[in-house]
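Have a look at structure.cif below; it lists mmCIF, C-alpha atoms.
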```cif
data_model
#
loop_
_atom_site.label_atom_id
_atom_site.label_comp_id
_atom_site.auth_asym_id
_atom_site.auth_seq_id
_atom_site.Cartn_x
_atom_site.Cartn_y
_atom_site.Cartn_z
CA MET A 991 129.23 113.52 102.83
CA THR A 992 126.90 112.31 100.12
CA LYS A 993 128.04 110.34 97.09
CA LEU A 994 126.65 111.60 93.77
CA LEU A 995 126.60 109.09 90.90
CA TYR A 996 126.11 109.86 87.21
CA PHE A 997 125.18 107.40 84.47
CA ALA A 998 124.96 107.26 80.66
CA TRP A 999 125.05 110.65 78.92
CA LEU A 1000 125.05 112.55 82.21
CA ARG A 1001 128.32 110.81 83.10
CA GLU A 1002 129.72 111.68 79.65
CA LYS A 1003 128.70 115.35 79.82
CA LEU A 1004 130.15 115.75 83.30
CA GLY A 1005 133.28 113.71 82.57
CA THR A 1006 132.93 111.89 85.88
CA ALA A 1007 131.02 108.90 87.22
CA GLU A 1008 130.91 109.95 90.86
CA GLU A 1009 131.88 112.59 93.38
CA GLU A 1010 131.45 113.26 97.10
CA ILE A 1011 129.84 116.48 98.26
CA ASP A 1012 128.36 118.09 101.33
CA LEU A 1013 124.72 118.71 100.44
CA PRO A 1014 124.03 122.47 100.57
CA PRO A 1015 121.76 123.10 103.57
CA ALA A 1016 119.36 125.05 101.35
CA CYS A 1017 118.71 121.97 99.17
CA LYS A 1018 115.91 119.95 100.72
CA THR A 1019 114.64 118.09 97.65
CA VAL A 1020 115.91 116.39 94.50
CA GLY A 1021 114.61 119.30 92.42
CA GLU A 1022 116.46 121.87 94.54
CA LEU A 1023 119.65 119.82 94.30
CA ILE A 1024 119.33 119.72 90.49
CA GLY A 1025 118.93 123.51 90.50
CA TRP A 1026 122.08 123.89 92.60
CA LEU A 1027 124.05 121.45 90.41
CA GLN A 1028 123.10 123.43 87.29
CA SER A 1029 124.89 126.42 88.76
CA ARG A 1030 128.22 124.62 89.21
CA GLY A 1031 129.59 125.37 85.73
CA PRO A 1032 129.11 124.79 82.00
CA ALA A 1033 129.37 120.97 82.14
CA TYR A 1034 126.74 120.81 84.90
CA GLU A 1035 124.54 123.24 83.03
CA ALA A 1036 124.78 121.02 79.93
CA ALA A 1037 124.02 117.85 81.90
CA PHE A 1038 121.21 119.19 84.09
CA GLY A 1039 119.85 121.96 81.85
CA GLN A 1040 117.22 119.64 80.33
CA SER A 1041 115.98 118.58 83.73
CA LYS A 1042 112.92 116.90 82.18
CA SER A 1043 115.18 114.18 80.80
CA VAL A 1044 117.01 113.63 84.09
CA ARG A 1045 115.85 110.91 86.48
CA CYS A 1046 117.04 110.39 90.04
CA ALA A 1047 117.46 107.69 92.65
CA VAL A 1048 118.02 108.44 96.35
CA ASP A 1049 119.75 105.59 98.17
CA GLN A 1050 119.00 103.31 95.20
CA GLU A 1051 115.25 104.00 95.06
CA PHE A 1052 113.69 106.05 92.23
CA ALA A 1053 112.88 109.52 93.51
CA ARG A 1054 110.80 112.38 92.07
CA ALA A 1055 111.75 116.06 92.08
CA ASP A 1056 109.85 116.67 95.33
CA ALA A 1057 111.55 113.79 97.20
CA ALA A 1058 113.53 114.72 100.32
CA ILE A 1059 117.30 114.25 100.27
CA ALA A 1060 118.25 114.94 103.90
CA GLY A 1061 120.59 112.25 105.20
CA ALA A 1062 120.98 110.50 101.85
CA ALA A 1063 124.19 108.49 101.47
CA GLU A 1064 123.96 108.09 97.69
CA ILE A 1065 122.09 110.13 95.07
CA ALA A 1066 122.22 109.06 91.42
CA PHE A 1067 121.27 110.99 88.28
CA PHE A 1068 120.62 109.37 84.90
CA PRO A 1069 118.44 109.53 81.77
CA PRO A 1070 115.17 107.55 81.51
CA VAL A 1071 116.07 103.86 81.63
CA THR A 1072 116.27 101.75 78.44
CA GLY A 1073 116.91 98.18 79.54
CA GLY A 1074 115.09 94.99 78.59
CA MET B 814 111.57 80.14 93.78
CA LYS B 815 112.96 83.54 92.87
CA ARG B 816 116.10 83.74 90.76
CA VAL B 817 117.58 87.15 89.86
CA LEU B 818 120.92 87.57 88.11
CA VAL B 819 122.78 90.57 86.67
CA GLN B 820 125.78 89.40 84.68
CA ALA B 821 128.07 90.05 81.72
CA ALA B 822 128.05 86.38 80.74
CA ASP B 823 125.44 84.78 78.49
CA PHE B 824 122.68 82.59 79.95
CA ASP B 825 121.49 79.12 78.98
CA ALA B 826 117.77 79.58 78.31
CA GLY B 827 117.20 75.81 78.15
CA ALA B 828 118.73 75.30 81.57
CA GLU B 829 116.72 78.22 83.00
CA LEU B 830 113.46 76.78 81.66
CA ALA B 831 114.34 73.34 83.06
CA ALA B 832 115.01 74.93 86.47
CA LEU B 833 111.50 76.46 86.41
CA ASN B 834 109.88 73.05 85.85
CA LEU B 835 109.18 72.68 89.57
CA PRO B 836 106.80 70.26 91.31
CA GLY B 837 103.18 71.23 90.60
CA VAL B 838 104.05 73.32 87.56
CA GLY B 839 101.86 72.87 84.49
CA GLY B 840 103.10 75.77 82.39
CA ILE B 841 106.18 77.95 81.98
CA GLY B 842 106.09 81.33 80.25
CA SER B 843 109.29 82.97 79.05
CA PHE B 844 110.59 85.93 77.08
CA ILE B 845 114.09 86.45 75.71
CA GLY B 846 115.22 89.90 74.54
CA THR B 847 118.03 89.93 71.97
CA VAL B 848 120.13 92.59 70.25
CA ARG B 849 118.28 93.66 67.08
CA GLY B 850 120.75 94.11 64.24
CA GLY B 851 120.38 96.14 61.07
CA GLY B 852 120.96 99.80 60.20
CA GLY B 853 124.70 99.37 60.54
CA LEU B 854 124.54 98.44 64.22
CA VAL B 855 127.75 96.77 65.37
CA ALA B 856 127.02 96.39 69.07
CA LEU B 857 125.02 97.58 72.04
CA GLU B 858 126.77 98.69 75.21
CA LEU B 859 124.63 98.17 78.27
CA GLU B 860 125.46 100.28 81.29
CA HIS B 861 123.77 99.72 84.65
CA TYR B 862 123.77 100.87 88.26
CA PRO B 863 125.41 98.09 90.29
CA GLY B 864 123.55 97.62 93.54
CA MET B 865 120.37 99.39 92.53
CA THR B 866 119.96 97.08 89.53
CA GLU B 867 119.87 93.97 91.70
CA ARG B 868 117.46 95.65 94.13
CA ALA B 869 115.15 96.78 91.33
CA LEU B 870 115.05 93.35 89.69
CA GLU B 871 114.45 91.64 93.06
CA LYS B 872 111.54 94.01 93.62
CA ILE B 873 110.05 93.32 90.18
CA ALA B 874 110.36 89.54 90.66
CA GLY B 875 108.86 89.81 94.15
CA GLU B 876 105.94 91.80 92.75
CA ALA B 877 105.25 89.07 90.15
CA LEU B 878 105.31 86.39 92.89
CA ALA B 879 102.87 88.46 94.97
CA ARG B 880 100.44 89.15 92.12
CA TRP B 881 100.21 85.71 90.51
CA ASP B 882 100.13 82.12 91.73
CA LEU B 883 103.65 81.17 90.69
CA ALA B 884 105.92 78.29 91.67
CA GLY B 885 108.88 80.34 90.54
CA CYS B 886 110.18 83.18 88.43
CA THR B 887 113.55 84.04 86.93
CA VAL B 888 115.00 87.36 85.75
CA ILE B 889 118.46 87.51 84.15
CA HIS B 890 119.79 90.74 82.61
CA ARG B 891 123.16 91.08 80.94
CA PHE B 892 125.39 94.17 80.78
CA GLY B 893 128.48 95.16 78.82
CA ARG B 894 129.08 94.94 75.07
CA LEU B 895 126.59 92.76 73.19
CA GLU B 896 126.48 92.10 69.45
CA PRO B 897 123.46 91.59 67.17
CA GLU B 898 121.52 88.37 67.85
CA GLN B 899 123.12 87.96 71.28
CA ASN B 900 120.89 87.59 74.34
CA ILE B 901 120.15 90.60 76.55
CA VAL B 902 117.47 89.48 78.97
CA PHE B 903 115.60 86.36 80.10
CA VAL B 904 112.39 86.38 82.10
CA GLY B 905 110.43 83.27 82.97
CA ALA B 906 107.47 82.39 85.19
CA ALA B 907 106.16 78.96 86.14
CA SER B 908 102.68 78.18 87.41
CA ALA B 909 100.13 75.38 87.63
CA HIS B 910 98.26 76.91 84.68
CA ARG B 911 99.17 78.99 81.64
CA GLY B 912 97.18 82.11 82.55
CA ASP B 913 99.31 83.12 85.51
CA ALA B 914 102.56 82.06 83.80
CA LEU B 915 101.88 84.11 80.66
CA ALA B 916 100.56 87.19 82.48
CA ALA B 917 103.50 87.21 84.91
CA THR B 918 105.97 86.88 82.03
CA ALA B 919 104.49 89.89 80.24
CA PHE B 920 104.45 91.88 83.49
CA LEU B 921 108.10 91.05 84.25
CA ILE B 922 109.42 92.31 80.92
CA ASP B 923 107.11 95.35 80.78
CA TRP B 924 108.07 96.48 84.27
CA LEU B 925 111.72 95.69 83.83
CA LYS B 926 111.89 97.99 80.81
CA THR B 927 110.83 101.03 82.83
CA SER B 928 111.94 100.16 86.39
CA ALA B 929 115.44 98.71 86.16
CA PRO B 930 118.42 101.08 85.84
CA PHE B 931 119.94 100.02 82.51
CA TRP B 932 120.98 102.27 79.62
CA LYS B 933 121.71 101.14 76.08
CA ARG B 934 124.23 102.78 73.77
CA GLU B 935 124.22 101.82 70.09
CA ILE B 936 127.59 101.52 68.35
CA PHE B 937 127.55 101.76 64.54
CA ALA B 938 129.99 100.80 61.81
CA GLY B 939 132.23 103.82 61.39
CA GLY B 940 132.43 104.33 65.12
CA GLU B 941 129.55 106.69 65.83
CA ALA B 942 127.58 105.98 68.99
CA ARG B 943 124.13 107.00 70.22
CA TRP B 944 122.31 106.58 73.53
CA VAL B 945 118.97 104.84 73.00
CA GLU B 946 116.04 107.04 74.02
CA ALA B 947 113.23 105.77 76.21
CA ARG B 948 110.00 104.98 74.34
CA GLU B 949 106.63 106.29 75.49
CA ALA B 950 105.08 102.97 74.43
CA ASP B 951 107.21 101.23 77.07
CA ASP B 952 105.94 103.58 79.79
CA ALA B 953 102.37 102.94 78.65
CA ALA B 954 102.88 99.15 78.71
CA ALA B 955 104.27 99.29 82.25
CA ALA B 956 101.57 101.69 83.45
CA ALA B 957 98.86 99.35 82.16
CA TRP B 958 99.76 96.87 84.93
CA THR B 959 98.95 99.41 87.64
CA LYS B 960 95.35 99.83 86.53
#
```
This structure in structure tokens:
Amino acid sequence: MTKLLYFAWLREKLGTAEEEIDLPPACKTVGELIGWLQSRGPAYEAAFGQSKSVRCAVDQEFARADAAIAGAAEIAFFPPVTGG
Amino acid sequence: MKRVLVQAADFDAGAELAALNLPGVGGIGSFIGTVRGGGGLVALELEHYPGMTERALEKIAGEALARWDLAGCTVIHRFGRLEPEQNIVFVGAASAHRGDALAATAFLIDWLKTSAPFWKREIFAGGEARWVEAREADDAAAAAWTK
């Protein structure tokens, strides 16, 4: 099982902060996982439809769309950061 | 010395500066980010990614210690609901000379803005709320340190 975490407006659009899933075997990268998530229903389509404004971290390290996700324990999705 | 804190509570900037006044230090640089009021803003809500936030800030502080000749550096970032004029972030760097202290201070805040998982939500009088959007100028400032 992999824990998916959602922050800021992604969390609001999905109505949940986290969930546990089995990664689909066909999803090898962050980008492929985003594509699969988009297909899970209207809320997911709304949250992940503008994939250019979605950032990702795999096991708490920033990860690009081509990053591998095999074996990840925790994958987080969020908008570009705005701290400081 | 490397001091990294992620907390809801306020910080005492005077005490943090005093703690950076280590043996051999001749200069301490610091930056404090505060909540900018105006435009009907009532508060900022800062959300973060517990666990990753601490790791990211540790990494940024470690990078500053590796790049410059520092006796110490401090990074403190608050989360939760913060009102105008309240403190958000403290960064400080201490060195034998001002050059390294000032450069490391600028690096710490520039990198923190684009590399630490925080998100700000603005709350306005009347109740409407808006997620703050990332600024391209912040990405450019952070990228400048990689040249």
Please report, as a Markdown table, each residue of chain B lying at most 8 Å from chain A, together with the nearest pair of atoms and the separation in Å rounded to one decimal; use only C-alpha atoms, and order rows by chain and ascending residue number.
```
| residue | atom | partner | partner_atom | distance |
| --- | --- | --- | --- | --- |
| B:Gly846 | CA | A:Gly1074 | CA | 6.5 |
| B:Leu859 | CA | A:Gly1073 | CA | 7.8 |
| B:Glu860 | CA | A:Ala998 | CA | 7.0 |
| B:His861 | CA | A:Phe997 | CA | 7.8 |
| B:Tyr862 | CA | A:Phe997 | CA | 7.7 |
| B:Gly864 | CA | A:Gln1050 | CA | 7.5 |
| B:Met865 | CA | A:Gln1050 | CA | 4.9 |
| B:Arg868 | CA | A:Gln1050 | CA | 7.9 |
| B:His890 | CA | A:Gly1074 | CA | 7.5 |
| B:Ile901 | CA | A:Gly1074 | CA | 7.0 |
| B:Val902 | CA | A:Gly1074 | CA | 6.0 |
| B:Ile922 | CA | A:Gly1074 | CA | 6.7 |
| B:Leu925 | CA | A:Gly1074 | CA | 6.3 |
| B:Lys926 | CA | A:Gly1074 | CA | 4.9 |
| B:Thr927 | CA | A:Val1071 | CA | 6.1 |
| B:Ser928 | CA | A:Val1071 | CA | 7.3 |
| B:Ala929 | CA | A:Gly1073 | CA | 6.8 |
| B:Pro930 | CA | A:Val1071 | CA | 5.6 |
| B:Phe931 | CA | A:Gly1073 | CA | 4.6 |
| B:Trp932 | CA | A:Thr1072 | CA | 4.9 |
| B:Lys933 | CA | A:Thr1072 | CA | 6.0 |
| B:Trp944 | CA | A:Trp999 | CA | 7.3 |
| B:Val945 | CA | A:Thr1072 | CA | 6.8 |
| B:Glu946 | CA | A:Thr1072 | CA | 6.9 |
| B:Ala947 | CA | A:Thr1072 | CA | 5.5 |
```
Near Ala942 (chain B), counting all atoms listed in the file, which residues have an atom at most 10 Å away, once you skip same-chain residues fewer than 4 positions from it, shown as JSON, numbers by chain?
{"B": [854, 855, 856, 857, 858, 934, 935, 936, 937, 938]}
Leu835 (chain B) surroundings by only C-alpha atoms, 9 Å radius, close-in-sequence under 6 positions cut, as number ranges by chain
B: 814, 884-885, 907-908
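Distances here use all atoms listed in the file; by that measure, the residue among A:Leu1023, A:Ile1059, A:Cys1017, A:Cys1046 closest to Leu1000 (chain A) is A:Cys1046.
Within 6 Å of Ser843 (chain B), once all atoms listed in the file are used and residues closer than 2 positions along the same chain are dropped, the contacting residues are Val904, Gly905 and Thr918 of chain B.
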Starting from the shown file, work through the PyMOL selection byres ((chain B and resi 891) around 9) and note down what comes out as a ChimeraX atom specification.
/B:818-824,859,889-890,892-893,895,900-903
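Applied to this file, the PyMOL selection byres ((chain A and resi 1006) around 12) selects the residues Leu994, Leu995, Tyr996, Phe997, Ala998, Trp999, Leu1000, Arg1001, Glu1002, Lys1003, Leu1004, Gly1005, Ala1007, Glu1008, Glu1009, Glu1010, Ala1033, Tyr1034, Ala1037 and Phe1067 of chain A.
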Residues matched by the PyMOL selection byres ((chain B and resi 817) around 8) as a PyMOL selection string
chain B and resi 815-816+818-819+867+870-871+874+887-889
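Going from CA of Phe844 (chain B) to CA of Asp825 (chain B) covers 13.0 Å.
Using all atoms listed in the file, the shortest contact distance between Asp1012 (chain A) and any of A:Leu1027, A:Met991, A:Val1044, A:Pro1032 is found at A:Met991.
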Between CA of Ala953 (chain B) and CA of Ala916 (chain B), what is the distance, to one decimal in Å?
16.3 Å
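The gap separating CA of Gly912 (chain B) from CA of Gly875 (chain B) is 18.2 Å, in Å to one decimal.
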